[in-house]
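Here is the file input.cif (mmCIF, C-alpha atoms).
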```
data_query
#
loop_
_atom_site.label_atom_id
_atom_site.label_comp_id
_atom_site.auth_asym_id
_atom_site.auth_seq_id
_atom_site.Cartn_x
_atom_site.Cartn_y
_atom_site.Cartn_z
CA MET U 1245 -42.75 -1.01 -25.02
CA GLN U 1246 -38.98 -0.99 -25.56
CA ASP U 1247 -37.49 -3.69 -27.79
CA GLN U 1248 -35.03 -5.74 -25.71
CA SER U 1249 -32.67 -5.90 -28.70
CA ALA U 1250 -32.23 -2.13 -28.27
CA ARG U 1251 -30.80 -2.63 -24.77
CA TYR U 1252 -27.27 -3.41 -23.71
CA SER U 1253 -26.53 -6.85 -22.25
CA ALA U 1254 -26.33 -7.37 -18.50
CA VAL U 1255 -22.55 -7.84 -18.77
CA ALA U 1256 -22.12 -4.54 -20.63
CA ILE U 1257 -24.38 -2.71 -18.16
CA THR U 1258 -22.51 -4.16 -15.17
CA LEU U 1259 -19.11 -3.17 -16.55
CA HIS U 1260 -20.40 0.29 -17.53
CA TRP U 1261 -21.62 1.18 -14.04
CA LEU U 1262 -18.65 -0.41 -12.29
CA ILE U 1263 -16.22 1.59 -14.38
CA ALA U 1264 -18.32 4.76 -14.04
CA GLY U 1265 -18.48 4.51 -10.25
CA LEU U 1266 -14.78 3.78 -9.86
CA LEU U 1267 -13.82 6.55 -12.29
CA LEU U 1268 -15.82 9.21 -10.46
CA ALA U 1269 -14.45 8.10 -7.10
CA ASN U 1270 -10.87 8.02 -8.35
CA ILE U 1271 -11.04 11.45 -9.98
CA ALA U 1272 -12.36 12.96 -6.74
CA LEU U 1273 -9.71 11.10 -4.73
CA GLY U 1274 -6.97 12.26 -7.08
CA VAL U 1275 -7.96 15.93 -6.76
CA TRP U 1276 -8.02 15.71 -2.95
CA MET U 1277 -4.78 13.82 -2.43
CA HIS U 1278 -2.82 16.03 -4.84
CA GLU U 1279 -3.32 18.92 -2.43
CA ALA U 1280 -3.37 16.92 0.81
CA ILE U 1281 0.05 15.28 0.30
CA ASP U 1282 1.81 18.63 0.79
CA ILE U 1283 -0.11 19.57 3.95
CA ALA U 1284 1.36 18.22 7.19
CA ALA U 1285 -2.02 17.68 8.87
CA SER U 1286 -3.36 15.49 6.06
CA ARG U 1287 -0.15 13.90 4.79
CA GLY U 1288 -0.69 10.61 6.62
CA LEU U 1289 -4.12 10.15 5.07
CA ALA U 1290 -2.84 11.18 1.66
CA VAL U 1291 -0.19 8.43 1.67
CA GLY U 1292 -2.91 5.83 2.11
CA ALA U 1293 -5.08 7.62 -0.44
CA TYR U 1294 -2.30 7.37 -3.03
CA GLN U 1295 -2.19 3.59 -2.60
CA LEU U 1296 -5.97 3.40 -2.92
CA HIS U 1297 -5.89 5.68 -6.00
CA LYS U 1298 -3.34 3.41 -7.68
CA SER U 1299 -5.34 0.29 -6.80
CA LEU U 1300 -8.54 1.77 -8.20
CA GLY U 1301 -6.74 2.95 -11.33
CA LEU U 1302 -5.32 -0.49 -12.05
CA SER U 1303 -8.75 -2.03 -11.44
CA ILE U 1304 -10.30 0.43 -13.90
CA LEU U 1305 -7.65 -0.48 -16.47
CA ALA U 1306 -8.48 -4.19 -16.15
CA LEU U 1307 -12.24 -3.59 -16.31
CA VAL U 1308 -11.91 -1.31 -19.36
CA ALA U 1309 -9.85 -3.96 -21.16
CA LEU U 1310 -12.57 -6.51 -20.34
CA ARG U 1311 -15.29 -4.10 -21.48
CA LEU U 1312 -13.46 -3.44 -24.74
CA LEU U 1313 -13.09 -7.17 -25.43
CA TRP U 1314 -16.79 -7.67 -24.71
CA ARG U 1315 -17.78 -4.84 -27.02
CA LEU U 1316 -15.62 -6.17 -29.86
CA SER U 1317 -17.36 -9.53 -29.63
CA HIS U 1318 -20.89 -8.20 -28.87
CA ARG U 1319 -22.27 -5.46 -31.08
CA PRO U 1320 -23.91 -2.64 -29.12
CA PRO U 1321 -27.61 -1.98 -29.73
CA PRO U 1322 -28.41 0.51 -32.51
CA LEU U 1323 -29.15 4.11 -31.60
CA PRO U 1324 -32.80 5.23 -31.88
CA GLU U 1325 -33.91 6.18 -35.39
CA ALA U 1326 -34.92 9.63 -34.17
CA ILE U 1327 -31.28 10.55 -33.54
CA SER U 1328 -29.71 12.41 -36.44
CA ARG U 1329 -26.69 11.16 -38.37
CA ARG U 1330 -24.60 13.97 -36.91
CA GLN U 1331 -25.54 12.99 -33.36
CA LYS U 1332 -24.75 9.34 -34.10
CA TRP U 1333 -21.36 10.33 -35.47
CA LEU U 1334 -20.72 12.46 -32.38
CA ALA U 1335 -21.79 9.64 -30.03
CA THR U 1336 -19.42 7.22 -31.77
CA GLY U 1337 -16.56 9.70 -31.47
CA VAL U 1338 -17.24 10.30 -27.78
CA HIS U 1339 -17.26 6.57 -27.03
CA ARG U 1340 -13.96 6.08 -28.81
CA CYS U 1341 -12.45 8.98 -26.88
CA PHE U 1342 -13.73 7.43 -23.67
CA TYR U 1343 -12.01 4.14 -24.37
CA LEU U 1344 -8.78 5.91 -25.30
CA LEU U 1345 -8.84 7.99 -22.12
CA MET U 1346 -9.90 5.12 -19.85
CA LEU U 1347 -6.86 3.19 -21.03
CA SER U 1348 -4.34 6.04 -21.22
CA VAL U 1349 -5.14 7.69 -17.86
CA PRO U 1350 -4.28 4.66 -15.68
CA LEU U 1351 -1.40 3.69 -17.99
CA THR U 1352 0.28 7.10 -17.66
CA GLY U 1353 -0.25 6.91 -13.90
CA TRP U 1354 1.34 3.46 -13.82
CA LEU U 1355 4.27 4.72 -15.89
CA PHE U 1356 4.70 7.67 -13.53
CA VAL U 1357 4.87 5.54 -10.36
CA SER U 1358 7.17 3.09 -12.19
CA THR U 1359 9.83 5.81 -12.34
CA GLN U 1360 9.89 5.86 -8.52
CA TRP U 1361 10.47 9.59 -8.64
CA ARG U 1362 8.54 12.64 -7.44
CA GLY U 1363 9.63 16.22 -8.02
CA ASP U 1364 13.40 16.27 -7.61
CA ILE U 1365 13.89 13.26 -5.30
CA VAL U 1366 13.75 9.48 -5.42
CA LEU U 1367 10.44 8.02 -4.29
CA ASN U 1368 10.97 4.36 -3.41
CA VAL U 1369 7.36 3.46 -2.66
CA GLU U 1370 5.93 0.20 -3.90
CA THR U 1371 2.46 -0.02 -5.43
CA VAL U 1372 0.48 -2.57 -3.42
CA TRP U 1373 -2.84 -3.47 -5.04
CA PHE U 1374 -5.47 -3.23 -2.28
CA ASP U 1375 -2.84 -4.32 0.27
CA GLN U 1376 -2.59 -7.73 -1.42
CA PHE U 1377 0.41 -7.87 -3.77
CA ASN U 1378 3.10 -5.69 -5.27
CA VAL U 1379 2.52 -4.33 -8.76
CA PRO U 1380 5.62 -4.49 -11.01
CA HIS U 1381 7.21 -1.35 -12.42
CA LEU U 1382 6.76 -0.93 -16.17
CA PHE U 1383 9.82 -1.22 -18.44
CA ASN U 1384 12.15 -1.22 -15.39
CA LEU U 1385 11.93 2.57 -15.33
CA HIS U 1386 12.99 2.60 -11.68
CA ARG U 1387 16.40 1.21 -12.73
CA GLU U 1388 17.18 4.00 -15.21
CA SER U 1389 19.56 6.86 -14.43
CA ASP U 1390 18.35 9.66 -12.17
CA SER U 1391 18.11 12.12 -15.05
CA VAL U 1392 15.99 9.73 -17.13
CA ARG U 1393 13.74 8.92 -14.20
CA GLN U 1394 13.22 12.57 -13.33
CA SER U 1395 12.41 13.55 -16.92
CA ALA U 1396 10.11 10.56 -17.41
CA ALA U 1397 8.34 11.21 -14.11
CA LYS U 1398 7.54 14.80 -15.08
CA LEU U 1399 6.38 13.77 -18.55
CA PHE U 1400 4.07 11.02 -17.31
CA ALA U 1401 2.78 13.01 -14.32
CA ASP U 1402 1.85 15.97 -16.55
CA ALA U 1403 0.25 13.68 -19.14
CA HIS U 1404 -1.68 11.84 -16.43
CA ALA U 1405 -3.06 15.09 -14.99
CA LEU U 1406 -3.99 16.50 -18.40
CA LEU U 1407 -5.70 13.30 -19.53
CA ALA U 1408 -7.56 12.98 -16.21
CA PHE U 1409 -8.84 16.56 -16.54
CA THR U 1410 -9.97 15.83 -20.10
CA MET U 1411 -11.69 12.69 -18.85
CA ALA U 1412 -13.55 14.66 -16.17
CA LEU U 1413 -14.81 17.14 -18.78
CA LEU U 1414 -15.92 14.34 -21.08
CA ILE U 1415 -17.76 12.60 -18.24
CA ALA U 1416 -19.61 15.82 -17.43
CA LEU U 1417 -20.65 16.24 -21.09
CA HIS U 1418 -21.66 12.57 -21.28
CA ILE U 1419 -23.88 12.88 -18.20
CA ALA U 1420 -25.46 16.09 -19.51
CA ALA U 1421 -26.19 14.48 -22.88
CA ALA U 1422 -27.71 11.39 -21.27
CA ILE U 1423 -30.00 13.53 -19.13
CA ALA U 1424 -31.02 15.63 -22.12
CA HIS U 1425 -31.91 12.55 -24.17
CA GLN U 1426 -33.82 10.90 -21.35
CA TRP U 1427 -35.89 13.81 -20.08
CA HIS U 1428 -35.84 16.42 -22.84
CA GLN U 1429 -35.90 14.45 -26.08
CA ARG U 1430 -37.60 11.50 -24.32
CA ASP U 1431 -36.02 8.88 -26.57
CA ARG U 1432 -35.28 6.58 -23.60
CA LEU U 1433 -31.61 6.43 -24.55
CA LEU U 1434 -30.49 6.21 -20.92
CA SER U 1435 -32.76 3.26 -20.16
CA ARG U 1436 -30.71 1.11 -22.56
CA MET U 1437 -27.91 1.14 -19.97
CA THR U 1438 -29.94 0.51 -16.79
CA PHE U 1439 -30.88 -2.57 -14.81
CA ALA U 1440 -34.59 -1.75 -15.17
CA LEU U 1441 -36.76 -4.84 -15.73
CA HIS U 1442 -39.32 -5.06 -18.54
CA PRO U 1443 -42.37 -7.31 -18.89
CA ASN U 1444 -41.14 -8.98 -22.09
CA GLN U 1445 -37.77 -10.01 -20.63
CA THR U 1446 -37.13 -13.74 -20.44
CA GLY U 1447 -36.36 -15.43 -17.13
CA GLY U 1448 -32.70 -15.67 -18.07
CA GLN U 1449 -32.53 -11.96 -18.90
CA ARG U 1450 -34.14 -11.04 -15.59
CA THR U 1451 -31.69 -13.25 -13.69
CA ALA U 1452 -28.73 -11.77 -15.57
CA HIS U 1453 -29.86 -8.24 -14.80
CA TRP U 1454 -30.33 -8.99 -11.09
CA LEU U 1455 -26.89 -10.61 -10.94
CA GLY U 1456 -25.39 -7.61 -12.72
CA LEU U 1457 -27.03 -5.21 -10.29
CA MET U 1458 -25.82 -7.17 -7.27
CA THR U 1459 -22.30 -7.51 -8.71
CA THR U 1460 -22.09 -3.78 -9.38
CA ALA U 1461 -23.37 -2.90 -5.90
CA GLY U 1462 -21.04 -5.42 -4.25
CA VAL U 1463 -17.90 -4.22 -6.00
CA LEU U 1464 -18.69 -0.56 -5.38
CA LEU U 1465 -19.38 -1.29 -1.70
CA ALA U 1466 -16.09 -3.17 -1.46
CA ALA U 1467 -14.28 -0.24 -3.04
CA THR U 1468 -16.02 2.12 -0.60
CA TYR U 1469 -14.93 -0.06 2.32
CA SER U 1470 -11.33 -0.11 1.03
CA GLY U 1471 -11.47 3.66 0.71
CA SER U 1472 -12.85 4.18 4.19
CA SER U 1473 -10.09 1.97 5.65
CA VAL U 1474 -7.59 4.62 4.57
CA PHE U 1475 -9.22 7.00 7.03
CA ARG U 1476 -9.71 4.47 9.82
CA SER U 1477 -6.26 3.06 10.40
CA THR U 1478 -2.67 3.04 9.18
CA GLY U 1479 -2.11 -0.65 9.81
CA ALA U 1480 -3.36 -3.86 11.32
CA GLU U 1481 -2.34 -5.39 14.61
CA VAL U 1482 0.70 -7.63 14.27
CA ASP U 1483 0.01 -11.21 15.33
CA MET U 1484 2.32 -11.82 18.30
CA TYR U 1485 1.93 -15.58 17.98
CA ALA U 1486 3.49 -15.50 14.51
CA ALA U 1487 6.87 -14.73 16.08
CA ALA U 1488 9.72 -17.25 15.99
CA ILE U 1489 12.02 -16.46 18.92
CA SER U 1490 14.61 -18.94 20.09
CA SER U 1491 17.79 -19.61 22.06
CA PRO U 1492 20.52 -22.16 21.29
CA SER U 1493 20.97 -25.25 23.41
CA GLY U 1494 23.05 -24.68 26.54
CA ALA U 1495 22.25 -20.95 26.74
CA TRP U 1496 19.68 -19.24 28.96
CA GLN U 1497 16.36 -20.05 27.28
CA ILE U 1498 14.08 -17.32 26.00
CA ILE U 1499 10.46 -17.23 27.20
CA PRO U 1500 8.75 -16.28 23.90
CA ASN U 1501 5.39 -15.07 25.20
CA ALA U 1502 7.18 -12.68 27.56
CA SER U 1503 9.74 -11.37 25.06
CA ALA U 1504 9.68 -9.02 22.08
CA ILE U 1505 11.73 -6.53 20.10
CA HIS U 1506 9.62 -3.56 19.03
CA PHE U 1507 10.35 -0.53 16.88
CA SER U 1508 8.45 2.75 16.61
CA GLY U 1509 8.58 6.07 14.85
CA GLU U 1510 6.52 8.42 12.72
CA HIS U 1511 5.61 8.32 9.03
CA ALA U 1512 3.81 11.18 7.30
CA GLY U 1513 2.69 12.55 10.65
CA ALA U 1514 1.26 9.23 11.89
CA LEU U 1515 2.84 7.03 14.55
CA PHE U 1516 3.77 3.46 13.72
CA ASN U 1517 4.61 0.60 16.05
CA GLY U 1518 6.00 -2.70 14.87
CA ARG U 1519 8.11 -5.64 15.90
CA PHE U 1520 10.63 -8.13 14.62
CA LEU U 1521 9.01 -11.54 14.42
CA ARG U 1522 12.14 -13.67 14.13
CA TRP U 1523 15.24 -13.34 16.27
CA THR U 1524 17.63 -15.45 18.31
CA ILE U 1525 19.24 -14.57 21.62
CA ASP U 1526 22.33 -16.38 22.87
CA ALA U 1527 22.78 -15.48 26.54
CA ARG U 1528 25.60 -17.17 28.47
CA LEU U 1529 25.13 -15.53 31.86
CA ASN U 1530 27.69 -16.50 34.50
CA THR U 1531 26.15 -15.57 37.83
CA ASP U 1532 29.36 -16.48 39.68
CA ASP U 1533 31.51 -14.22 37.48
CA ILE U 1534 29.12 -11.84 35.75
CA ALA U 1535 31.92 -10.09 33.87
CA ALA U 1536 32.60 -13.35 32.04
CA SER U 1537 29.04 -13.45 30.64
CA GLN U 1538 28.38 -13.36 26.94
CA LEU U 1539 25.35 -12.07 25.06
CA ALA U 1540 24.57 -11.97 21.34
CA VAL U 1541 21.31 -11.27 19.51
CA ALA U 1542 20.67 -11.99 15.80
CA ILE U 1543 17.61 -10.26 14.36
CA GLU U 1544 16.15 -11.20 10.97
CA THR U 1545 15.46 -7.76 9.53
CA GLY U 1546 13.11 -9.20 6.89
CA SER U 1547 10.72 -10.11 9.71
CA ALA U 1548 9.98 -6.46 10.59
CA ARG U 1549 6.22 -5.89 10.62
CA ASP U 1550 4.02 -3.01 11.72
CA GLY U 1551 0.76 -4.17 10.09
CA ASN U 1552 0.88 -1.60 7.30
CA PRO U 1553 1.29 -3.55 4.01
CA LEU U 1554 3.12 -0.66 2.37
CA HIS U 1555 5.68 -0.46 5.19
CA ASP U 1556 6.02 -4.23 5.47
CA ARG U 1557 6.85 -4.53 1.78
CA THR U 1558 9.15 -1.49 1.69
CA LEU U 1559 11.36 -2.19 4.72
CA PRO U 1560 13.21 -5.14 3.11
CA GLU U 1561 14.18 -3.01 0.09
CA ALA U 1562 17.76 -1.91 -0.60
CA GLU U 1563 17.24 1.63 0.67
CA TRP U 1564 16.07 0.38 4.05
CA PHE U 1565 17.21 -2.93 5.58
CA ASP U 1566 18.61 -4.26 2.28
CA VAL U 1567 17.62 -7.77 3.31
CA ALA U 1568 19.02 -9.36 0.14
CA ARG U 1569 22.56 -8.34 1.16
CA PHE U 1570 22.19 -8.10 4.94
CA PRO U 1571 19.53 -10.53 6.14
CA SER U 1572 20.26 -9.99 9.84
CA ALA U 1573 21.25 -7.30 12.32
CA TYR U 1574 23.48 -8.23 15.26
CA TYR U 1575 23.83 -7.03 18.83
CA ARG U 1576 26.98 -8.03 20.73
CA LEU U 1577 27.79 -7.42 24.38
CA THR U 1578 31.09 -5.63 25.01
CA ARG U 1579 31.07 -5.12 28.81
CA ILE U 1580 28.91 -5.32 31.94
CA GLU U 1581 28.74 -2.87 34.83
CA PRO U 1582 26.89 -3.51 38.12
CA ARG U 1583 23.77 -1.50 38.97
CA PRO U 1584 22.88 -2.25 42.61
CA PRO U 1585 21.04 -3.93 44.18
CA ASN U 1586 20.65 -6.82 41.70
CA GLY U 1587 20.97 -5.20 38.30
CA TYR U 1588 23.58 -4.65 35.63
CA ALA U 1589 24.13 -2.33 32.68
CA LEU U 1590 24.87 -4.09 29.41
CA PHE U 1591 27.05 -2.13 26.99
CA GLY U 1592 27.24 -3.31 23.42
CA SER U 1593 27.30 -2.57 19.73
CA LEU U 1594 24.71 -3.03 17.00
CA GLN U 1595 25.52 -3.92 13.42
CA ILE U 1596 22.87 -2.97 10.81
CA LYS U 1597 23.83 -3.53 7.17
CA ASP U 1598 27.50 -2.48 6.98
CA ARG U 1599 27.27 0.00 9.85
CA LEU U 1600 28.53 -0.75 13.38
CA ILE U 1601 27.35 1.61 16.11
CA GLU U 1602 27.62 1.77 19.88
CA VAL U 1603 24.21 1.85 21.54
CA ALA U 1604 22.79 2.94 24.86
CA PRO U 1605 23.17 0.35 27.64
CA LEU U 1606 20.47 -2.23 28.27
CA SER U 1607 19.34 -3.29 31.70
CA LEU U 1608 19.86 -6.81 33.12
CA VAL U 1609 18.05 -7.89 36.28
CA LEU U 1610 18.72 -11.33 37.82
CA ASP U 1611 16.05 -12.90 40.00
CA GLY U 1612 17.01 -16.45 40.88
CA ASP U 1613 16.72 -18.58 37.75
CA VAL U 1614 15.12 -15.82 35.70
CA ALA U 1615 16.86 -12.94 33.92
CA GLN U 1616 15.17 -9.84 32.51
CA ILE U 1617 16.84 -7.83 29.77
CA SER U 1618 15.20 -4.57 28.71
CA GLY U 1619 15.91 -1.16 27.30
CA ASP U 1620 15.44 1.30 24.44
CA VAL U 1621 17.88 1.98 21.65
CA VAL U 1622 17.44 5.21 19.70
CA LEU U 1623 18.69 4.83 16.13
CA ASP U 1624 19.50 7.78 13.91
CA ARG U 1625 18.52 6.79 10.36
CA ALA U 1626 21.40 8.75 8.89
CA SER U 1627 23.96 6.85 10.97
CA ILE U 1628 22.75 3.50 9.63
CA ASP U 1629 21.96 4.72 6.09
CA MET U 1630 18.24 3.94 6.07
CA GLY U 1631 15.90 5.85 3.77
CA MET U 1632 18.51 8.45 2.91
CA GLN U 1633 17.78 8.47 -0.82
CA SER U 1634 14.08 9.28 -0.76
CA ASP U 1635 13.90 11.02 2.64
CA PRO U 1636 17.28 12.46 3.62
CA HIS U 1637 15.76 15.36 5.58
CA ALA U 1638 13.21 13.28 7.51
CA ASP U 1639 10.29 15.03 5.83
CA TRP U 1640 8.34 11.75 5.80
CA VAL U 1641 9.89 9.28 8.22
CA SER U 1642 11.16 10.45 11.61
CA ALA U 1643 14.92 10.87 11.82
CA GLU U 1644 15.04 8.71 14.93
CA ILE U 1645 13.61 5.22 15.30
CA ILE U 1646 13.23 3.70 18.76
CA VAL U 1647 13.97 -0.01 19.15
CA SER U 1648 12.76 -1.52 22.44
CA ILE U 1649 13.79 -4.92 23.73
CA ALA U 1650 12.16 -6.94 26.50
CA ALA U 1651 13.53 -10.45 26.96
CA SER U 1652 12.73 -12.93 29.73
CA LEU U 1653 15.24 -15.76 30.08
CA GLN U 1654 15.24 -18.99 32.06
CA ARG U 1655 18.43 -20.51 33.46
CA PRO U 1656 19.28 -23.67 31.48
CA GLU U 1657 18.94 -27.02 33.19
CA ASP U 1658 22.18 -28.67 34.23
#
```
Write-out of the structure in structure tokens:
Amino acid sequence: MQDQSARYSAVAITLHWLIAGLLLANIALGVWMHEAIDIAASRGLAVGAYQLHKSLGLSILALVALRLLWRLSHRPPPLPEAISRRQKWLATGVHRCFYLLMLSVPLTGWLFVSTQWRGDIVLNVETVWFDQFNVPHLFNLHRESDSVRQSAAKLFADAHALLAFTMALLIALHIAAAIAHQWHQRDRLLSRMTFALHPNQTGGQRTAHWLGLMTTAGVLLAATYSGSSVFRSTGAEVDMYAAAISSPSGAWQIIPNASAIHFSGEHAGALFNGRFLRWTIDARLNTDDIAASQLAVAIETGSARDGNPLHDRTLPEAEWFDVARFPSAYYRLTRIEPRPPNGYALFGSLQIKDRLIEVAPLSLVLDGDVAQISGDVVLDRASIDMGMQSDPHADWVSAEIIVSIAASLQRPED
């Protein structure tokens, strides 16, 4: 019967199998996405896979740090006496290499993405940990000069790939050695790191092992679910009731549940559809002298949402809407032309950031005390300077973005 002092603790076993499962999954994911990102048919999936890969890598880094702290404060069980001194020395060396690699692989990856550079172009893509929060860039590498960023990106990308390959080889050797010890030498070395129960375990030890097993299974299932979500969808449905649409007093009043400003396009081969959640429309429609009417729309660009956390966090950045400097976009009516029998064409201009462009006319239809404004505006990203650093040739995001407006307005009360 195996001495329980020769077994690892439930905490050590739990961390071991969590890290092992996440490592194997992330290595496989990294190999796939490295090829898939350059293939048009799989590019959309690869973008999501990169975010998942980064999230898993950061999780591994945190778990390894926790495992290392636990090991420093809890001595591991001694190796079986039957193992030679040379084998013990080799096992110690392998474990130390593992810790070094498990820390350096995710760290080099984190340093690489912190440069915000890929190949020979800027890559302004935030790291969003499991779609929950942005991960900061290390050492402000993304603020360095282009030459420094490009050189650093190549250095860290190459180091990350080399270290990951070394890690994969070491894992294969580790698995082979564990199998050989368990079934060839029969020294039960592998059983020291399993959740197997033994008759002489105390009640507390049994409970700890069951909790460890359930924790390991739960986390790995959660990681599997997060991974499968990459292949199920590119974003969640935007909650229409979260919108804040309004009209000033004295103007025609917006009917919020019948009004929306949407935007759509393509990213990495996948369609996206979003909307602006906060905007104000000031419509002063003079039905007796329609040419004297006034119309202005202020759109909070920071409220753009398409349900994809990566997009929602990237759009406010300087390369896109630059919300810090230009919190709103503005539409202003310049003239109205009749469109019989009861419609009108609204000609106007749109200001986005520091660019002012003329846009295709919108349609106005008057029906008693209700007005309907609708239409599509096709925006050329180059003309409004959006995404022109990291995607000037529209390799990733479509060159044209369609903005659609549908606004129902009620005549104000006298």
Margin query: When the PyMOL selection byres ((chain U and resi 1386) around 6) is applied to the structure above, which residues does it catch, written out as a ChimeraX atom specification?
Written below: /U:1358-1360,1384-1385,1387-1388
Next item on the list: Considering only C-alpha atoms, return as an MDAnalysis selection string whatever protein or nucleic-acid residues lie within 10 Å of U:His1555, sequence-local ones (same chain, fewer than 3 positions apart) excluded.
Entry: chainID U and resid 1369:1370 1478:1479 1511 1516 1518 1548:1552 1558:1560
Check: Which one of U:Lys1398, U:Ser1253, U:Ser1618, U:Leu1417 sits closest to U:Leu1334 if you count all atoms listed in the file?
Finding: U:Leu1417
Next item on the list: Can you turn the PyMOL selection byres ((chain U and resi 1582-1590) around 7) into a concrete residue list for this file, as an NGL selection string?
Entry: :U and (1577 or 1579-1581 or 1591-1592 or 1605-1610)
Next item on the list: Quick one: pull the distance between atom CA of U:Leu1312 and atom CA of U:His1260, Å, one decimal.
Entry: 10.7 Å
Next item on the list: Spell out the residues picked by the PyMOL selection byres ((chain U and resi 1500) around 12) here, as number ranges by chain.
Entry: U: 1484-1491, 1497-1499, 1501-1505, 1521-1525, 1650-1654
Each stretch 1581-1653 of chain U residue no farther than 12 Å from stretch 1270-1290 of chain U, nearest pair in Å, only C-alpha atoms, as a tab-separated table:
```
residue	atom	partner	partner_atom	distance
U:Asp1639	CA	U:Ala1284	CA	9.6
U:Trp1640	CA	U:Arg1287	CA	8.8
U:Val1641	CA	U:Gly1288	CA	10.8
```
Report, as JSON, the centre and edge lengths in Å (one decimal) of the axis-aligned box enclosing every listed atom of stretch 1627-1637 of chain U, padded by 4 Å on each side.
```
{"center_x": 18.9, "center_y": 9.4, "center_z": 5.1, "size_x": 18.1, "size_y": 19.9, "size_z": 19.8}
```
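Between U:Ala1527 and the residues U:Leu1407, U:Asp1598, U:Leu1413, U:Pro1656, the shortest atom-to-atom distance, using only C-alpha atoms, involves U:Pro1656.
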Item checked: Nearest candidate to U:Ser1493 (options U:Trp1373, U:Leu1296, U:Glu1657, U:Asp1566; using only C-alpha atoms) -> U:Glu1657
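Each of U:Val1349, U:Pro1553, U:Pro1571, U:His1318 was checked against U:Gly1292 using only C-alpha atoms; the smallest atom-to-atom distance is that of U:Pro1553.
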Next item on the list: Find the residues around U:Leu1300 up to 9 Å (all atoms listed in the file counted), leave out those fewer than 2 positions away in its own chain, and share them as a ChimeraX atom specification.
Entry: /U:1266-1267,1269-1270,1295-1298,1302-1305,1373-1374,1467
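Pairwise distance (atom CA of U:Ser1572, atom CA of U:Ser1642) equals 22.4 Å.
Coordinates place atom CA of U:Leu1345 at a distance of 9.6 Å from atom CA of U:Leu1414.
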Leaving out U:Ala1309 and any residue of its chain fewer than 4 positions from it, which residues lie within 12 Å of it when counting all atoms listed in the file, given as a PDB file with C-alpha atoms, keeping the file's coordinate frame?
```pdb
ATOM      1  CA  LEU U1259     -19.110  -3.170 -16.550  1.00  0.00           C
ATOM      2  CA  HIS U1260     -20.400   0.290 -17.530  1.00  0.00           C
ATOM      3  CA  ILE U1263     -16.220   1.590 -14.380  1.00  0.00           C
ATOM      4  CA  LEU U1302      -5.320  -0.490 -12.050  1.00  0.00           C
ATOM      5  CA  SER U1303      -8.750  -2.030 -11.440  1.00  0.00           C
ATOM      6  CA  ILE U1304     -10.300   0.430 -13.900  1.00  0.00           C
ATOM      7  CA  LEU U1305      -7.650  -0.480 -16.470  1.00  0.00           C
ATOM      8  CA  LEU U1313     -13.090  -7.170 -25.430  1.00  0.00           C
ATOM      9  CA  TRP U1314     -16.790  -7.670 -24.710  1.00  0.00           C
ATOM     10  CA  ARG U1315     -17.780  -4.840 -27.020  1.00  0.00           C
ATOM     11  CA  LEU U1316     -15.620  -6.170 -29.860  1.00  0.00           C
ATOM     12  CA  TYR U1343     -12.010   4.140 -24.370  1.00  0.00           C
ATOM     13  CA  LEU U1344      -8.780   5.910 -25.300  1.00  0.00           C
ATOM     14  CA  MET U1346      -9.900   5.120 -19.850  1.00  0.00           C
ATOM     15  CA  LEU U1347      -6.860   3.190 -21.030  1.00  0.00           C
ATOM     16  CA  SER U1348      -4.340   6.040 -21.220  1.00  0.00           C
ATOM     17  CA  PRO U1350      -4.280   4.660 -15.680  1.00  0.00           C
ATOM     18  CA  LEU U1351      -1.400   3.690 -17.990  1.00  0.00           C
TER      19      LEU U1351
END
```
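Among U:Ala1420, U:Leu1367, U:Val1621, U:Ile1601, the residue with the shortest atom-to-atom distance to U:Phe1507, counting only C-alpha atoms, is U:Val1621.
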Notebook entry, point to check: Which one is closest to U:Asp1611: U:Ala1335, U:Thr1531, U:Glu1510, U:Thr1258? Count all atoms listed in the file.
Noted result: U:Thr1531
Near-stretch 1624-1638 of chain U list (12 Å; only C-alpha atoms; drop same-chain fewer than 6 positions) as a short mmCIF file (atom, residue, chain, number, x, y, z; two decimals) with C-alpha atoms, in the frame of the given file:
```
data_model
loop_
_atom_site.label_atom_id
_atom_site.label_comp_id
_atom_site.auth_asym_id
_atom_site.auth_seq_id
_atom_site.Cartn_x
_atom_site.Cartn_y
_atom_site.Cartn_z
CA GLN U 1360 9.89 5.86 -8.52
CA TRP U 1361 10.47 9.59 -8.64
CA ARG U 1362 8.54 12.64 -7.44
CA GLY U 1363 9.63 16.22 -8.02
CA ASP U 1364 13.40 16.27 -7.61
CA ILE U 1365 13.89 13.26 -5.30
CA VAL U 1366 13.75 9.48 -5.42
CA LEU U 1367 10.44 8.02 -4.29
CA ASN U 1368 10.97 4.36 -3.41
CA VAL U 1369 7.36 3.46 -2.66
CA ASP U 1390 18.35 9.66 -12.17
CA GLY U 1509 8.58 6.07 14.85
CA GLU U 1510 6.52 8.42 12.72
CA HIS U 1511 5.61 8.32 9.03
CA ALA U 1512 3.81 11.18 7.30
CA GLY U 1513 2.69 12.55 10.65
CA THR U 1558 9.15 -1.49 1.69
CA LEU U 1559 11.36 -2.19 4.72
CA PRO U 1560 13.21 -5.14 3.11
CA GLU U 1561 14.18 -3.01 0.09
CA ALA U 1562 17.76 -1.91 -0.60
CA GLU U 1563 17.24 1.63 0.67
CA TRP U 1564 16.07 0.38 4.05
CA PHE U 1565 17.21 -2.93 5.58
CA ASP U 1566 18.61 -4.26 2.28
CA ALA U 1573 21.25 -7.30 12.32
CA LEU U 1594 24.71 -3.03 17.00
CA GLN U 1595 25.52 -3.92 13.42
CA ILE U 1596 22.87 -2.97 10.81
CA LYS U 1597 23.83 -3.53 7.17
CA ASP U 1598 27.50 -2.48 6.98
CA ARG U 1599 27.27 0.00 9.85
CA LEU U 1600 28.53 -0.75 13.38
CA ILE U 1601 27.35 1.61 16.11
CA GLU U 1602 27.62 1.77 19.88
CA VAL U 1603 24.21 1.85 21.54
CA GLU U 1644 15.04 8.71 14.93
CA ILE U 1645 13.61 5.22 15.30
CA ILE U 1646 13.23 3.70 18.76
CA VAL U 1647 13.97 -0.01 19.15
#
```
